[in-house]
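start-v3.cif (mmCIF, C-alpha atoms) appears below.
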data_structure
loop_
_atom_site.label_atom_id
_atom_site.label_comp_id
_atom_site.auth_asym_id
_atom_site.auth_seq_id
_atom_site.Cartn_x
_atom_site.Cartn_y
_atom_site.Cartn_z
CA MET W 1 0.00 0.00 0.00
CA ALA W 2 1.27 3.46 -0.89
CA VAL W 3 2.32 5.62 2.03
CA THR W 4 0.31 8.82 2.01
CA SER W 5 -0.75 11.27 4.68
CA GLN W 6 -4.00 10.63 6.45
CA ALA W 7 -5.61 13.77 5.02
CA GLU W 8 -4.79 12.75 1.45
CA ASP W 9 -6.21 9.30 2.13
CA GLU W 10 -9.41 10.80 3.50
CA ALA W 11 -9.82 13.14 0.52
CA GLU W 12 -9.35 10.24 -1.88
CA LEU W 13 -11.83 8.06 0.04
CA LEU W 14 -14.38 10.86 0.06
CA ALA W 15 -13.95 11.43 -3.68
CA ARG W 16 -14.49 7.73 -4.32
CA PHE W 17 -17.55 7.68 -2.03
CA GLU W 18 -19.08 10.67 -3.79
CA ALA W 19 -18.36 9.19 -7.21
CA THR W 20 -20.16 5.97 -6.19
CA VAL W 21 -23.20 7.90 -4.93
CA GLY W 22 -23.06 10.15 -8.02
CA ARG W 23 -23.27 7.09 -10.31
CA HIS W 24 -26.39 6.02 -8.33
CA ASP W 25 -24.38 2.99 -7.33
CA ARG W 26 -24.88 1.58 -3.83
CA ILE W 27 -22.72 1.98 -0.74
CA GLU W 28 -22.20 -1.35 1.02
CA PRO W 29 -21.51 -2.04 4.72
CA ARG W 30 -17.73 -2.32 4.68
CA ASP W 31 -17.16 0.61 2.30
CA TRP W 32 -15.61 3.76 3.68
CA MET W 33 -18.27 6.40 4.31
CA PRO W 34 -18.31 9.88 5.85
CA GLU W 35 -19.15 9.72 9.55
CA LYS W 36 -22.10 12.06 9.04
CA TYR W 37 -23.54 9.80 6.33
CA ARG W 38 -23.28 6.86 8.73
CA ARG W 39 -24.90 8.80 11.58
CA THR W 40 -27.72 10.08 9.36
CA LEU W 41 -28.46 6.54 8.21
CA VAL W 42 -28.40 5.13 11.74
CA ARG W 43 -30.84 7.83 12.85
CA GLN W 44 -33.18 7.31 9.89
CA ILE W 45 -33.11 3.49 9.78
CA ALA W 46 -33.44 3.20 13.58
CA GLN W 47 -36.39 5.57 13.57
CA HIS W 48 -37.93 3.53 10.80
CA ALA W 49 -37.32 0.21 12.61
CA HIS W 50 -38.73 1.58 15.89
CA SER W 51 -41.82 2.78 14.00
CA GLU W 52 -42.50 -0.74 12.77
CA ILE W 53 -42.10 -2.19 16.26
CA ILE W 54 -44.17 0.49 18.05
CA GLY W 55 -46.61 0.33 15.13
CA MET W 56 -47.69 -3.12 16.27
CA GLN W 57 -49.39 -1.63 19.32
CA PRO W 58 -52.26 0.48 17.94
CA GLU W 59 -53.53 -2.41 15.83
CA GLY W 60 -52.54 -5.16 18.24
CA ASN W 61 -55.03 -3.44 20.53
CA TRP W 62 -57.86 -4.91 18.42
CA ILE W 63 -56.68 -8.49 17.83
CA THR W 64 -58.72 -9.98 20.67
CA ARG W 65 -61.81 -8.04 19.58
CA ALA W 66 -61.72 -8.69 15.82
CA PRO W 67 -65.29 -9.10 14.54
CA SER W 68 -64.64 -12.44 12.79
CA LEU W 69 -62.07 -15.20 12.56
CA ARG W 70 -61.19 -13.98 9.03
CA ARG W 71 -60.48 -10.44 10.28
CA LYS W 72 -58.53 -11.80 13.23
CA ALA W 73 -56.29 -13.95 11.04
CA ILE W 74 -55.65 -10.98 8.72
CA LEU W 75 -54.86 -8.64 11.60
CA LEU W 76 -52.54 -11.17 13.25
CA ALA W 77 -50.66 -11.63 9.96
CA LYS W 78 -50.39 -7.89 9.50
CA VAL W 79 -49.08 -7.23 13.00
CA GLN W 80 -46.60 -10.09 12.56
CA ASP W 81 -45.44 -8.44 9.33
CA GLU W 82 -44.78 -5.19 11.23
CA ALA W 83 -42.53 -7.13 13.61
CA GLY W 84 -40.77 -8.64 10.59
CA HIS W 85 -40.31 -5.21 9.02
CA GLY W 86 -38.77 -3.95 12.24
CA LEU W 87 -36.34 -6.88 12.20
CA TYR W 88 -35.30 -6.33 8.54
CA LEU W 89 -34.54 -2.71 9.40
CA TYR W 90 -32.71 -3.45 12.65
CA SER W 91 -30.60 -5.90 10.69
CA ALA W 92 -29.81 -3.18 8.10
CA CYS W 93 -29.00 -0.71 10.88
CA GLU W 94 -26.64 -3.16 12.57
CA THR W 95 -24.47 -3.27 9.44
CA LEU W 96 -23.55 0.33 10.34
CA GLY W 97 -21.90 -0.76 13.55
CA VAL W 98 -24.63 -0.32 16.16
CA SER W 99 -25.88 -3.27 18.17
CA ARG W 100 -29.47 -4.39 18.54
CA ARG W 101 -29.19 -3.94 22.29
CA GLU W 102 -28.15 -0.30 21.87
CA LEU W 103 -31.04 0.36 19.50
CA THR W 104 -33.62 -1.15 21.86
CA ALA W 105 -32.12 0.77 24.80
CA MET W 106 -32.25 4.05 22.86
CA LEU W 107 -35.92 3.50 21.96
CA ILE W 108 -36.90 2.67 25.53
CA ALA W 109 -34.93 5.65 26.87
CA GLY W 110 -36.63 7.97 24.36
CA LYS W 111 -33.28 8.85 22.76
CA GLN W 112 -34.37 7.71 19.30
CA LYS W 113 -37.74 8.52 17.83
CA TYR W 114 -40.44 6.68 15.92
CA SER W 115 -43.18 7.97 13.64
CA SER W 116 -45.53 10.31 15.50
CA ILE W 117 -48.57 8.61 13.92
CA PHE W 118 -48.34 5.72 16.39
CA ASN W 119 -48.92 8.06 19.31
CA TYR W 120 -52.57 8.34 18.34
CA PRO W 121 -55.07 5.86 19.82
CA THR W 122 -57.20 3.33 17.89
CA LEU W 123 -60.71 3.96 19.18
CA SER W 124 -62.83 1.78 16.88
CA TYR W 125 -62.40 -1.23 14.61
CA ALA W 126 -62.68 1.12 11.63
CA ASP W 127 -59.28 2.47 12.74
CA VAL W 128 -57.72 -0.86 11.73
CA GLY W 129 -59.01 -0.22 8.21
CA THR W 130 -58.02 3.45 8.20
CA ILE W 131 -54.51 2.64 9.38
CA GLY W 132 -54.14 0.11 6.57
CA TRP W 133 -55.49 2.47 3.94
CA LEU W 134 -54.08 5.87 4.95
CA VAL W 135 -51.20 5.19 7.33
CA ASP W 136 -49.75 2.27 5.37
CA GLY W 137 -50.63 4.15 2.16
CA ALA W 138 -48.55 7.12 3.32
CA ALA W 139 -45.79 4.71 4.39
CA ILE W 140 -45.78 3.19 0.88
CA CYS W 141 -45.42 6.67 -0.65
CA ASN W 142 -42.44 7.29 1.62
CA GLN W 143 -40.92 3.85 1.17
CA VAL W 144 -41.12 3.11 -2.54
CA PRO W 145 -38.48 5.76 -3.42
CA LEU W 146 -36.33 4.43 -0.56
CA CYS W 147 -35.93 1.13 -2.45
CA ARG W 148 -33.38 3.12 -4.50
CA THR W 149 -31.65 4.69 -1.50
CA SER W 150 -27.85 4.83 -1.71
CA TYR W 151 -27.20 2.47 1.21
CA GLY W 152 -27.49 -1.13 -0.04
CA PRO W 153 -28.84 -2.93 3.04
CA TYR W 154 -31.46 -0.20 3.64
CA GLY W 155 -32.67 -0.36 0.02
CA ARG W 156 -32.90 -4.16 0.12
CA SER W 157 -34.95 -4.05 3.34
CA MET W 158 -37.27 -1.52 1.74
CA ILE W 159 -37.87 -3.71 -1.32
CA ARG W 160 -38.91 -6.56 0.94
CA ILE W 161 -41.11 -4.29 3.06
CA CYS W 162 -42.83 -2.62 0.10
CA LYS W 163 -43.87 -5.99 -1.30
CA GLU W 164 -45.62 -6.82 1.96
CA GLU W 165 -46.99 -3.33 2.58
CA SER W 166 -49.31 -3.64 -0.40
CA PHE W 167 -51.25 -6.39 1.41
CA HIS W 168 -51.58 -4.06 4.40
CA GLN W 169 -53.08 -1.24 2.40
CA ARG W 170 -55.50 -3.43 0.47
CA GLN W 171 -56.81 -5.28 3.52
CA GLY W 172 -57.48 -1.91 5.17
CA TYR W 173 -59.31 -0.53 2.18
CA GLU W 174 -61.35 -3.71 1.83
CA LEU W 175 -62.26 -3.58 5.53
CA LEU W 176 -63.53 -0.01 5.16
CA ALA W 177 -65.38 -0.82 1.93
CA THR W 178 -67.14 -3.68 3.74
CA MET W 179 -68.20 -1.34 6.55
CA MET W 180 -69.39 1.25 4.03
CA ARG W 181 -71.77 -1.36 2.60
CA GLY W 182 -73.13 -1.96 6.11
CA THR W 183 -75.34 0.14 8.37
CA ASP W 184 -75.48 3.93 8.78
CA GLU W 185 -73.76 3.47 12.10
CA GLN W 186 -70.88 1.61 10.45
CA ARG W 187 -70.56 4.26 7.74
CA ALA W 188 -70.43 6.97 10.40
CA MET W 189 -67.77 4.98 12.20
CA VAL W 190 -65.60 4.90 9.06
CA GLN W 191 -66.02 8.65 8.43
CA GLU W 192 -65.19 9.48 12.05
CA SER W 193 -62.06 7.34 11.84
CA VAL W 194 -60.92 8.94 8.56
CA ASP W 195 -61.52 12.40 10.06
CA ARG W 196 -59.22 11.57 12.97
CA PHE W 197 -56.42 10.01 10.92
CA TRP W 198 -56.26 12.28 7.85
CA TRP W 199 -54.14 15.06 9.39
CA PRO W 200 -51.77 12.77 11.33
CA ALA W 201 -51.31 10.78 8.08
CA LEU W 202 -50.24 13.97 6.26
CA MET W 203 -47.79 14.67 9.09
CA MET W 204 -46.07 11.34 8.40
CA PHE W 205 -44.12 12.96 5.56
CA GLY W 206 -42.39 15.25 8.04
CA PRO W 207 -42.24 19.04 8.30
CA PRO W 208 -42.55 21.29 5.20
CA ASP W 209 -39.39 21.39 3.07
CA ALA W 210 -38.52 24.90 4.28
CA GLU W 211 -38.29 23.54 7.84
CA SER W 212 -36.72 20.19 7.14
CA PRO W 213 -33.06 20.67 8.08
CA ASN W 214 -31.84 17.23 6.97
CA THR W 215 -33.48 16.97 3.55
CA GLU W 216 -30.87 18.74 1.43
CA GLN W 217 -27.87 16.74 2.64
CA SER W 218 -29.85 13.48 2.60
CA MET W 219 -30.83 14.06 -1.02
CA ALA W 220 -27.27 14.93 -2.02
CA TRP W 221 -26.15 11.60 -0.54
CA GLY W 222 -28.99 9.71 -2.21
CA ILE W 223 -30.42 8.63 1.16
CA LYS W 224 -33.68 10.42 0.38
CA ARG W 225 -34.95 10.59 -3.19
CA ASP W 226 -37.89 13.02 -2.83
CA THR W 227 -38.71 15.98 -0.58
CA ASN W 228 -41.35 15.82 2.17
CA ASP W 229 -43.70 18.18 0.34
CA ASP W 230 -43.45 16.33 -2.98
CA LEU W 231 -44.34 13.04 -1.30
CA ARG W 232 -47.20 14.65 0.64
CA GLN W 233 -48.62 16.01 -2.62
CA LYS W 234 -48.35 12.61 -4.25
CA PHE W 235 -50.18 11.00 -1.33
CA VAL W 236 -53.03 13.54 -1.43
CA ASP W 237 -53.42 13.08 -5.20
CA MET W 238 -53.54 9.30 -4.78
CA SER W 239 -55.96 9.33 -1.85
CA VAL W 240 -58.68 11.64 -3.20
CA PRO W 241 -60.08 9.22 -5.83
CA GLN W 242 -59.77 6.33 -3.35
CA ALA W 243 -61.87 8.29 -0.84
CA LYS W 244 -64.44 9.05 -3.52
CA ALA W 245 -64.76 5.39 -4.43
CA LEU W 246 -65.14 4.53 -0.77
CA GLY W 247 -67.75 7.26 -0.15
CA VAL W 248 -65.91 9.22 2.54
CA THR W 249 -64.61 12.78 2.69
CA PHE W 250 -61.42 14.29 4.09
CA PRO W 251 -61.76 16.98 6.78
CA ASP W 252 -60.05 19.70 4.75
CA PRO W 253 -62.14 22.62 3.39
CA LEU W 254 -59.20 23.71 1.20
CA LEU W 255 -58.94 20.38 -0.60
CA ALA W 256 -59.69 21.01 -4.29
CA TRP W 257 -58.38 20.03 -7.71
CA ASN W 258 -56.11 22.67 -9.23
CA GLU W 259 -56.33 22.39 -13.00
CA GLU W 260 -53.35 24.66 -13.55
CA ARG W 261 -50.96 22.70 -11.36
CA GLY W 262 -52.44 19.33 -12.26
CA HIS W 263 -52.53 18.54 -8.54
CA HIS W 264 -54.86 18.94 -5.58
CA ASP W 265 -54.53 22.00 -3.38
CA PHE W 266 -54.83 21.17 0.30
CA GLY W 267 -54.50 22.71 3.75
CA GLN W 268 -51.55 22.30 6.09
CA PRO W 269 -51.70 20.01 9.11
CA ASP W 270 -51.36 21.62 12.53
CA TRP W 271 -47.57 21.71 12.73
CA ASP W 272 -47.65 22.84 16.37
CA GLU W 273 -49.50 19.64 17.22
CA PHE W 274 -46.91 17.67 15.21
CA ALA W 275 -44.05 19.29 17.15
CA ALA W 276 -45.79 18.58 20.46
CA VAL W 277 -46.40 14.90 19.61
CA VAL W 278 -42.79 14.44 18.43
CA LYS W 279 -41.60 16.02 21.69
CA GLY W 280 -43.61 13.47 23.68
CA SER W 281 -46.97 15.03 24.51
CA GLY W 282 -49.13 13.05 22.07
CA PRO W 283 -52.09 11.09 23.42
CA CYS W 284 -50.21 7.77 23.70
CA ASN W 285 -46.44 8.50 23.81
CA ALA W 286 -45.95 7.37 27.41
CA GLN W 287 -48.16 4.30 26.97
CA ARG W 288 -46.33 3.12 23.84
CA ILE W 289 -42.88 3.31 25.42
CA ALA W 290 -44.07 1.81 28.71
CA HIS W 291 -45.57 -1.14 26.81
CA ARG W 292 -42.39 -1.68 24.79
CA LYS W 293 -40.28 -1.54 27.97
CA LYS W 294 -42.56 -4.02 29.73
CA ALA W 295 -42.39 -6.45 26.80
CA HIS W 296 -38.58 -6.18 26.84
CA ASP W 297 -38.35 -6.66 30.62
CA ASP W 298 -40.88 -9.50 30.64
CA GLY W 299 -38.88 -11.26 27.93
CA ALA W 300 -35.61 -11.13 29.86
CA TRP W 301 -36.04 -14.60 31.38
CA VAL W 302 -36.71 -16.08 27.93
CA ARG W 303 -33.49 -14.59 26.56
CA GLU W 304 -31.58 -15.85 29.59
CA ALA W 305 -33.09 -19.33 29.34
CA ALA W 306 -32.26 -19.57 25.63
CA VAL W 307 -28.63 -18.68 26.28
CA ALA W 308 -28.45 -21.14 29.20
CA PHE W 309 -29.87 -23.89 26.98
CA ALA W 310 -27.51 -23.10 24.11
CA THR W 311 -24.53 -23.09 26.48
CA ALA W 312 -25.59 -26.40 28.05
CA VAL W 313 -25.93 -28.05 24.65
CA VAL W 314 -22.46 -26.86 23.58
CA GLU W 315 -20.93 -28.20 26.81
CA GLU W 316 -22.66 -31.53 26.39
CA ARG W 317 -21.41 -31.85 22.84
CA ALA W 318 -17.92 -30.58 23.61
CA PRO W 319 -16.18 -33.97 24.13
CA VAL W 320 -17.47 -35.17 20.77
CA SER W 321 -16.34 -33.78 17.43
CA VAL W 322 -17.82 -30.33 16.84
CA SER W 323 -18.12 -30.82 13.13
CA LYS W 324 -21.40 -32.12 11.87
CA PRO W 325 -22.66 -33.05 8.46
CA GLY W 326 -23.80 -29.78 6.92
CA GLU W 327 -25.38 -28.72 3.69
CA GLY W 328 -22.11 -27.23 2.57
CA SER W 329 -21.55 -29.91 -0.03
CA GLU W 330 -24.79 -28.98 -1.70
CA GLN W 331 -23.13 -26.30 -3.81
CA MET U 332 -26.74 -11.51 33.09
CA SER U 333 -23.47 -10.49 31.52
CA GLU U 334 -23.18 -7.87 28.78
CA ILE U 335 -21.92 -10.39 26.24
CA GLN U 336 -24.64 -12.96 26.86
CA ASP U 337 -27.26 -10.25 26.69
CA GLU U 338 -26.89 -10.07 22.90
CA TRP U 339 -27.39 -13.33 21.02
CA PRO U 340 -24.89 -13.96 18.21
CA LEU U 341 -25.62 -12.66 14.73
CA TYR U 342 -26.42 -15.10 11.90
CA GLU U 343 -26.51 -14.44 8.16
CA ILE U 344 -29.50 -16.05 6.46
CA PHE U 345 -29.54 -17.55 2.96
CA VAL U 346 -32.74 -18.77 1.31
CA ARG U 347 -33.22 -21.01 -1.73
CA GLY U 348 -36.26 -19.51 -3.43
CA LYS U 349 -37.16 -22.67 -5.28
CA ARG U 350 -35.57 -25.90 -6.45
CA GLY U 351 -32.97 -25.25 -9.10
CA LEU U 352 -31.85 -21.89 -7.69
CA ASN U 353 -28.88 -20.99 -5.49
CA HIS U 354 -29.32 -19.94 -1.90
CA VAL U 355 -29.31 -16.14 -1.79
CA HIS U 356 -28.41 -13.91 1.13
CA VAL U 357 -31.57 -12.27 2.50
CA GLY U 358 -30.42 -10.60 5.71
CA SER U 359 -29.37 -11.36 9.24
CA LEU U 360 -30.86 -12.06 12.64
CA HIS U 361 -29.91 -12.84 16.23
CA ALA U 362 -30.38 -16.27 17.79
CA ALA U 363 -29.11 -18.10 20.87
CA ASP U 364 -28.06 -21.14 18.82
CA ASP U 365 -28.11 -22.66 15.32
CA GLU U 366 -31.48 -24.31 15.71
CA MET U 367 -33.15 -21.12 16.88
CA ALA U 368 -31.51 -19.25 14.00
CA LEU U 369 -33.29 -21.55 11.54
CA LEU U 370 -36.65 -21.14 13.28
CA HIS U 371 -36.30 -17.36 13.43
CA ALA U 372 -35.22 -17.30 9.78
CA ARG U 373 -38.38 -19.18 8.85
CA ASP U 374 -40.53 -16.64 10.73
CA VAL U 375 -38.68 -13.52 9.58
CA TYR U 376 -37.77 -14.34 5.98
CA THR U 377 -40.26 -16.92 4.68
CA ARG U 378 -43.72 -15.82 5.80
CA ARG U 379 -45.00 -16.03 2.20
CA ASN U 380 -43.45 -19.19 0.82
CA GLU U 381 -40.29 -17.33 -0.22
CA GLY U 382 -38.14 -20.40 0.18
CA VAL U 383 -37.75 -24.16 0.16
CA SER U 384 -34.45 -24.29 2.06
CA ILE U 385 -32.63 -22.06 4.55
CA TRP U 386 -28.97 -21.76 5.51
CA ALA U 387 -28.08 -19.97 8.75
CA VAL U 388 -24.39 -19.11 9.18
CA ARG U 389 -22.79 -17.41 12.16
CA SER U 390 -21.69 -13.98 10.86
CA ASP U 391 -18.32 -14.29 12.60
CA ALA U 392 -17.65 -17.49 10.63
CA ILE U 393 -17.69 -15.66 7.29
CA THR U 394 -14.42 -14.63 5.66
CA ALA U 395 -14.97 -11.71 3.31
CA SER U 396 -12.85 -9.98 0.70
CA SER U 397 -12.01 -6.31 1.13
CA PRO U 398 -14.73 -4.02 -0.21
CA ASP U 399 -12.11 -1.61 -1.57
CA GLU U 400 -12.57 -1.47 -5.34
CA LYS U 401 -8.89 -0.78 -5.81
CA ASP U 402 -8.08 -4.00 -4.03
CA PRO U 403 -5.68 -6.08 -6.12
CA LEU U 404 -7.74 -9.21 -5.44
CA PHE U 405 -9.87 -8.74 -8.53
CA ALA U 406 -7.16 -7.20 -10.69
CA PRO U 407 -6.06 -10.44 -12.39
CA ALA U 408 -9.50 -10.71 -14.01
CA GLY U 409 -9.38 -7.14 -15.30
CA ASP U 410 -6.89 -7.58 -18.13
CA LYS U 411 -8.03 -10.98 -19.40
CA VAL U 412 -10.65 -9.91 -21.89
CA TYR U 413 -9.87 -13.09 -23.88
CA ARG U 414 -11.90 -14.97 -21.28
CA HIS U 415 -15.08 -13.46 -22.73
CA PRO U 416 -16.71 -14.78 -25.91
CA THR U 417 -17.08 -11.25 -27.31
CA PHE U 418 -13.25 -11.04 -27.54
CA TYR U 419 -13.35 -13.25 -30.65
CA ALA U 420 -14.42 -11.99 -34.07
CA VAL U 421 -16.50 -14.49 -35.99
CA PRO U 422 -17.92 -13.69 -39.46
CA ASP U 423 -21.59 -12.67 -39.36
CA ASP U 424 -22.65 -15.43 -41.77
CA VAL U 425 -21.36 -18.26 -39.56
CA PRO U 426 -24.47 -19.75 -37.93
CA ASN U 427 -25.11 -21.02 -34.39
CA MET U 428 -22.13 -19.42 -32.69
#

Take the structure in this file and express it as C-alpha cells.
Amino acid sequence: MAVTSQAEDEAELLARFEATVGRHDRIEPRDWMPEKYRRTLVRQIAQHAHSEIIGMQPEGNWITRAPSLRRKAILLAKVQDEAGHGLYLYSACETLGVSRRELTAMLIAGKQKYSSIFNYPTLSYADVGTIGWLVDGAAICNQVPLCRTSYGPYGRSMIRICKEESFHQRQGYELLATMMRGTDEQRAMVQESVDRFWWPALMMFGPPDAESPNTEQSMAWGIKRDTNDDLRQKFVDMSVPQAKALGVTFPDPLLAWNEERGHHDFGQPDWDEFAAVVKGSGPCNAQRIAHRKKAHDDGAWVREAAVAFATAVVEERAPVSVSKPGEGSEQ
Amino acid sequence: MSEIQDEWPLYEIFVRGKRGLNHVHVGSLHAADDEMALLHARDVYTRRNEGVSIWAVRSDAITASSPDEKDPLFAPAGDKVYRHPTFYAVPDDVPNM
C-alpha cells in the first residue's frame, strides 16, 4: 500500500464515495463512508425500525376483539409483518456498527424517535381499516423511493417491506369498503375514523421542506430521493379518488383540484400539534414506550433461558467432534 | 446476566427460493443457537413461501474480501478480456455461434 498522509487518504476516500453515490451505485456495509452519512443513516433506519415495532401496538389493541375469525387472522398476519419489518430494518442498521441492544435501549430511553402517527389511539375497529389504507398508504409513498436509496442494506430491506406493505393497504381498504356497505352506524364509524387520521397521516411525511433541516444533505447523498412536500402532494393526489370510491370525505375545506398545477390543493396540518407529539406530549407516547419496555423486561427470562440452553448443549457436545454433516456440499 | 450474553450472536440467512436456484443472502438475525436461527429465519424471511431451504451461518464465521474497489484481489480478471466470448471476431454469416 502506498504511504500517504491521512488527510490525502481521506480526501481520496471521500472522492471515491461521492463518485459511487453520483453514479447512483450503492454503498455497502464495509465501504468507507463519511461519519455524518453513517450517523444520518443510523438515525433514519433506527427511527424507521422503531416505527414498525411500536406500530404493532395500535392495531394489536384490536386483535382480541376482531369481529370475525377472518379479520382476526388478517390482523394477526399484519401485526406479525410489522414485527418482521422492524427486524429487517434493525438488521440493516446493525451493518452500520450499532448493536441491537443499543437500539432497543435508545428506543426505551426515548433517545431515538419513531413515527408520531403511532402516538394516536385506535378507538374503533374502523381504525384498523383506516390505518391500513391511509397510514400504510402514506408509508408506501415514503418507502417506494427508498428502495433506491444509496445504502445497499437499507434499500434491500425496503424492497422486501414494500412488497408486503401492499397487502396491508389493500386489507385496510377492503375492511372499510365492507363497513361502508353496512349500516349507517358503520358508515359513520368509518367517516369518524378517517376524520381523525387524515391530518396525522399527512404529518407522516415530516415538516414542510422549508423547515426540514436534513433533507438537502440526505438528497445529495442519495439517502432520500424526494422531498417531504413532494411526497405529501403525491399522497393527497392518490388518496382523493380512493376516498371518492369509498364514499368518505377528508376533513379539509381547502382540498380542491387545481387544474393549472395538475394537482390537488390542500390545507396544512397543525404543525404545532406535530411538534408537540414528536416532543412526547401526544395522546399515547408514554403508553407506547411503557408497553415496549414491559415487553422487553418481561422477555428477559426467555433470553436468559435460551442462552443457558444453548450453552448447556455446547458443553454436552464438547467432548465429541464439533463438526457435523452440513449442507455445505450442496453447492 | 453479563453484557456479552445479553446479545445473542448474529447469523446471516440464505434462502433457496425454489428448487434449481442458489441460496441467496436475505439478511441477518440474532439467535441463541443454530437451531433457533433456523426457526427465526423461517418466521422472519419466509412468511410467504419465499423459500424451500434455509442456511443460517454465524456472521463471525464468514471470511470476506475487502470491499475496496482498488483491491488487487480482482485485478487479475481485469486484463483478461480473452476470457469473454465477445473477444473473438467471428464472421456474421457463420451460424449457431

What's the 12 Å shell around Glu35 (chain W), counting all atoms listed in the file, without same-chain residues fewer than 3 positions away, as a short mmCIF file (atom, residue, chain, number, x, y, z; two decimals) with C-alpha atoms, keeping the file's coordinate frame?
data_model
loop_
_atom_site.label_atom_id
_atom_site.label_comp_id
_atom_site.auth_asym_id
_atom_site.auth_seq_id
_atom_site.Cartn_x
_atom_site.Cartn_y
_atom_site.Cartn_z
CA GLU W 10 -9.41 10.80 3.50
CA LEU W 14 -14.38 10.86 0.06
CA PHE W 17 -17.55 7.68 -2.03
CA ASP W 31 -17.16 0.61 2.30
CA TRP W 32 -15.61 3.76 3.68
CA ARG W 38 -23.28 6.86 8.73
CA ARG W 39 -24.90 8.80 11.58
CA THR W 40 -27.72 10.08 9.36
CA LEU W 41 -28.46 6.54 8.21
CA VAL W 42 -28.40 5.13 11.74
CA LEU W 96 -23.55 0.33 10.34
CA GLY W 97 -21.90 -0.76 13.55
#

For this session: Let me know the residues the PyMOL selection byres ((chain W) within 9 of (chain U)) catches in the file above, as a ChimeraX atom specification.
Result: /W:28-32,81,83-85,87-88,90-92,99-101,153,156-157,300,303-304,306-311,327,331

Exercise. Which is closer to Ser124 (chain W) than all the others in W:Ile159, W:Val98, W:Leu176, W:Ala138, using only C-alpha atoms?
Worked result: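 For Ser124 (chain W), the nearest of the candidates is W:Leu176.
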
For this session: Expand the PyMOL selection byres ((chain W and resi 126) around 10) into the individual residues it matches in the shown file, reporting them as a PyMOL selection string.
Result: chain W and resi 122-125+127-132+172+175-176+179+186-194

Just write the chosen residues, C-alpha atoms, as a PDB file, keeping the file's coordinate frame.
ATOM      1  CA  THR W 122     -57.200   3.330  17.890  1.00  0.00           C
ATOM      2  CA  LEU W 123     -60.710   3.960  19.180  1.00  0.00           C
ATOM      3  CA  SER W 124     -62.830   1.780  16.880  1.00  0.00           C
ATOM      4  CA  TYR W 125     -62.400  -1.230  14.610  1.00  0.00           C
ATOM      5  CA  ASP W 127     -59.280   2.470  12.740  1.00  0.00           C
ATOM      6  CA  VAL W 128     -57.720  -0.860  11.730  1.00  0.00           C
ATOM      7  CA  GLY W 129     -59.010  -0.220   8.210  1.00  0.00           C
ATOM      8  CA  THR W 130     -58.020   3.450   8.200  1.00  0.00           C
ATOM      9  CA  ILE W 131     -54.510   2.640   9.380  1.00  0.00           C
ATOM     10  CA  GLY W 132     -54.140   0.110   6.570  1.00  0.00           C
ATOM     11  CA  GLY W 172     -57.480  -1.910   5.170  1.00  0.00           C
ATOM     12  CA  LEU W 175     -62.260  -3.580   5.530  1.00  0.00           C
ATOM     13  CA  LEU W 176     -63.530  -0.010   5.160  1.00  0.00           C
ATOM     14  CA  MET W 179     -68.200  -1.340   6.550  1.00  0.00           C
ATOM     15  CA  GLN W 186     -70.880   1.610  10.450  1.00  0.00           C
ATOM     16  CA  ARG W 187     -70.560   4.260   7.740  1.00  0.00           C
ATOM     17  CA  ALA W 188     -70.430   6.970  10.400  1.00  0.00           C
ATOM     18  CA  MET W 189     -67.770   4.980  12.200  1.00  0.00           C
ATOM     19  CA  VAL W 190     -65.600   4.900   9.060  1.00  0.00           C
ATOM     20  CA  GLN W 191     -66.020   8.650   8.430  1.00  0.00           C
ATOM     21  CA  GLU W 192     -65.190   9.480  12.050  1.00  0.00           C
ATOM     22  CA  SER W 193     -62.060   7.340  11.840  1.00  0.00           C
ATOM     23  CA  VAL W 194     -60.920   8.940   8.560  1.00  0.00           C
TER      24      VAL W 194
END

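The interatomic distance for the pair CA of Ile27 (chain W) and CA of Leu13 (chain W) works out to 12.5 Å.
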
Box for region 122-129 of chain W: with edges along x, y and z, all listed atoms inside and 6 Å added on each side, what are the centre and edge lengths in Å to one decimal, as lines of an AutoDock Vina configuration file?
center_x = -60.0
center_y = 1.4
center_z = 13.7
size_x = 17.6
size_y = 17.2
size_z = 23.0

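Minimum atom-to-atom distances from W:Leu75, W:Ala15, W:Val240, W:Ala305 to Gln169 (chain W) were compared using only C-alpha atoms, and the lowest value belongs to W:Leu75.
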
Exercise. Distance CA of Arg26 (chain W)-CA of Phe405 (chain U), one decimal place?
Worked result: 18.8 Å

For this session: In Å, rounded to a single decimal, give me how far CA of Val388 (chain U) is from CA of Gly351 (chain U).
Result: 21.1 Å

Within-12 Å shell of (-30.1, 11.2, -1.3) in input frame, all atoms listed in the file, as an mmCIF file with C-alpha atoms, in the frame of the given file:
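The resulting part-v4.cif:
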data_model
loop_
_atom_site.group_PDB
_atom_site.id
_atom_site.type_symbol
_atom_site.label_atom_id
_atom_site.label_comp_id
_atom_site.auth_asym_id
_atom_site.auth_seq_id
_atom_site.Cartn_x
_atom_site.Cartn_y
_atom_site.Cartn_z
ATOM 1 C CA GLU W 18 -19.080 10.670 -3.790
ATOM 2 C CA VAL W 21 -23.200 7.900 -4.930
ATOM 3 C CA GLY W 22 -23.060 10.150 -8.020
ATOM 4 C CA HIS W 24 -26.390 6.020 -8.330
ATOM 5 C CA ASP W 25 -24.380 2.990 -7.330
ATOM 6 C CA ARG W 26 -24.880 1.580 -3.830
ATOM 7 C CA ILE W 27 -22.720 1.980 -0.740
ATOM 8 C CA TYR W 37 -23.540 9.800 6.330
ATOM 9 C CA THR W 40 -27.720 10.080 9.360
ATOM 10 C CA LEU W 41 -28.460 6.540 8.210
ATOM 11 C CA PRO W 145 -38.480 5.760 -3.420
ATOM 12 C CA LEU W 146 -36.330 4.430 -0.560
ATOM 13 C CA CYS W 147 -35.930 1.130 -2.450
ATOM 14 C CA ARG W 148 -33.380 3.120 -4.500
ATOM 15 C CA THR W 149 -31.650 4.690 -1.500
ATOM 16 C CA SER W 150 -27.850 4.830 -1.710
ATOM 17 C CA TYR W 151 -27.200 2.470 1.210
ATOM 18 C CA GLY W 155 -32.670 -0.360 0.020
ATOM 19 C CA ASN W 214 -31.840 17.230 6.970
ATOM 20 C CA THR W 215 -33.480 16.970 3.550
ATOM 21 C CA GLU W 216 -30.870 18.740 1.430
ATOM 22 C CA GLN W 217 -27.870 16.740 2.640
ATOM 23 C CA SER W 218 -29.850 13.480 2.600
ATOM 24 C CA MET W 219 -30.830 14.060 -1.020
ATOM 25 C CA ALA W 220 -27.270 14.930 -2.020
ATOM 26 C CA TRP W 221 -26.150 11.600 -0.540
ATOM 27 C CA GLY W 222 -28.990 9.710 -2.210
ATOM 28 C CA ILE W 223 -30.420 8.630 1.160
ATOM 29 C CA LYS W 224 -33.680 10.420 0.380
ATOM 30 C CA ARG W 225 -34.950 10.590 -3.190
ATOM 31 C CA ASP W 226 -37.890 13.020 -2.830
ATOM 32 C CA THR W 227 -38.710 15.980 -0.580
#
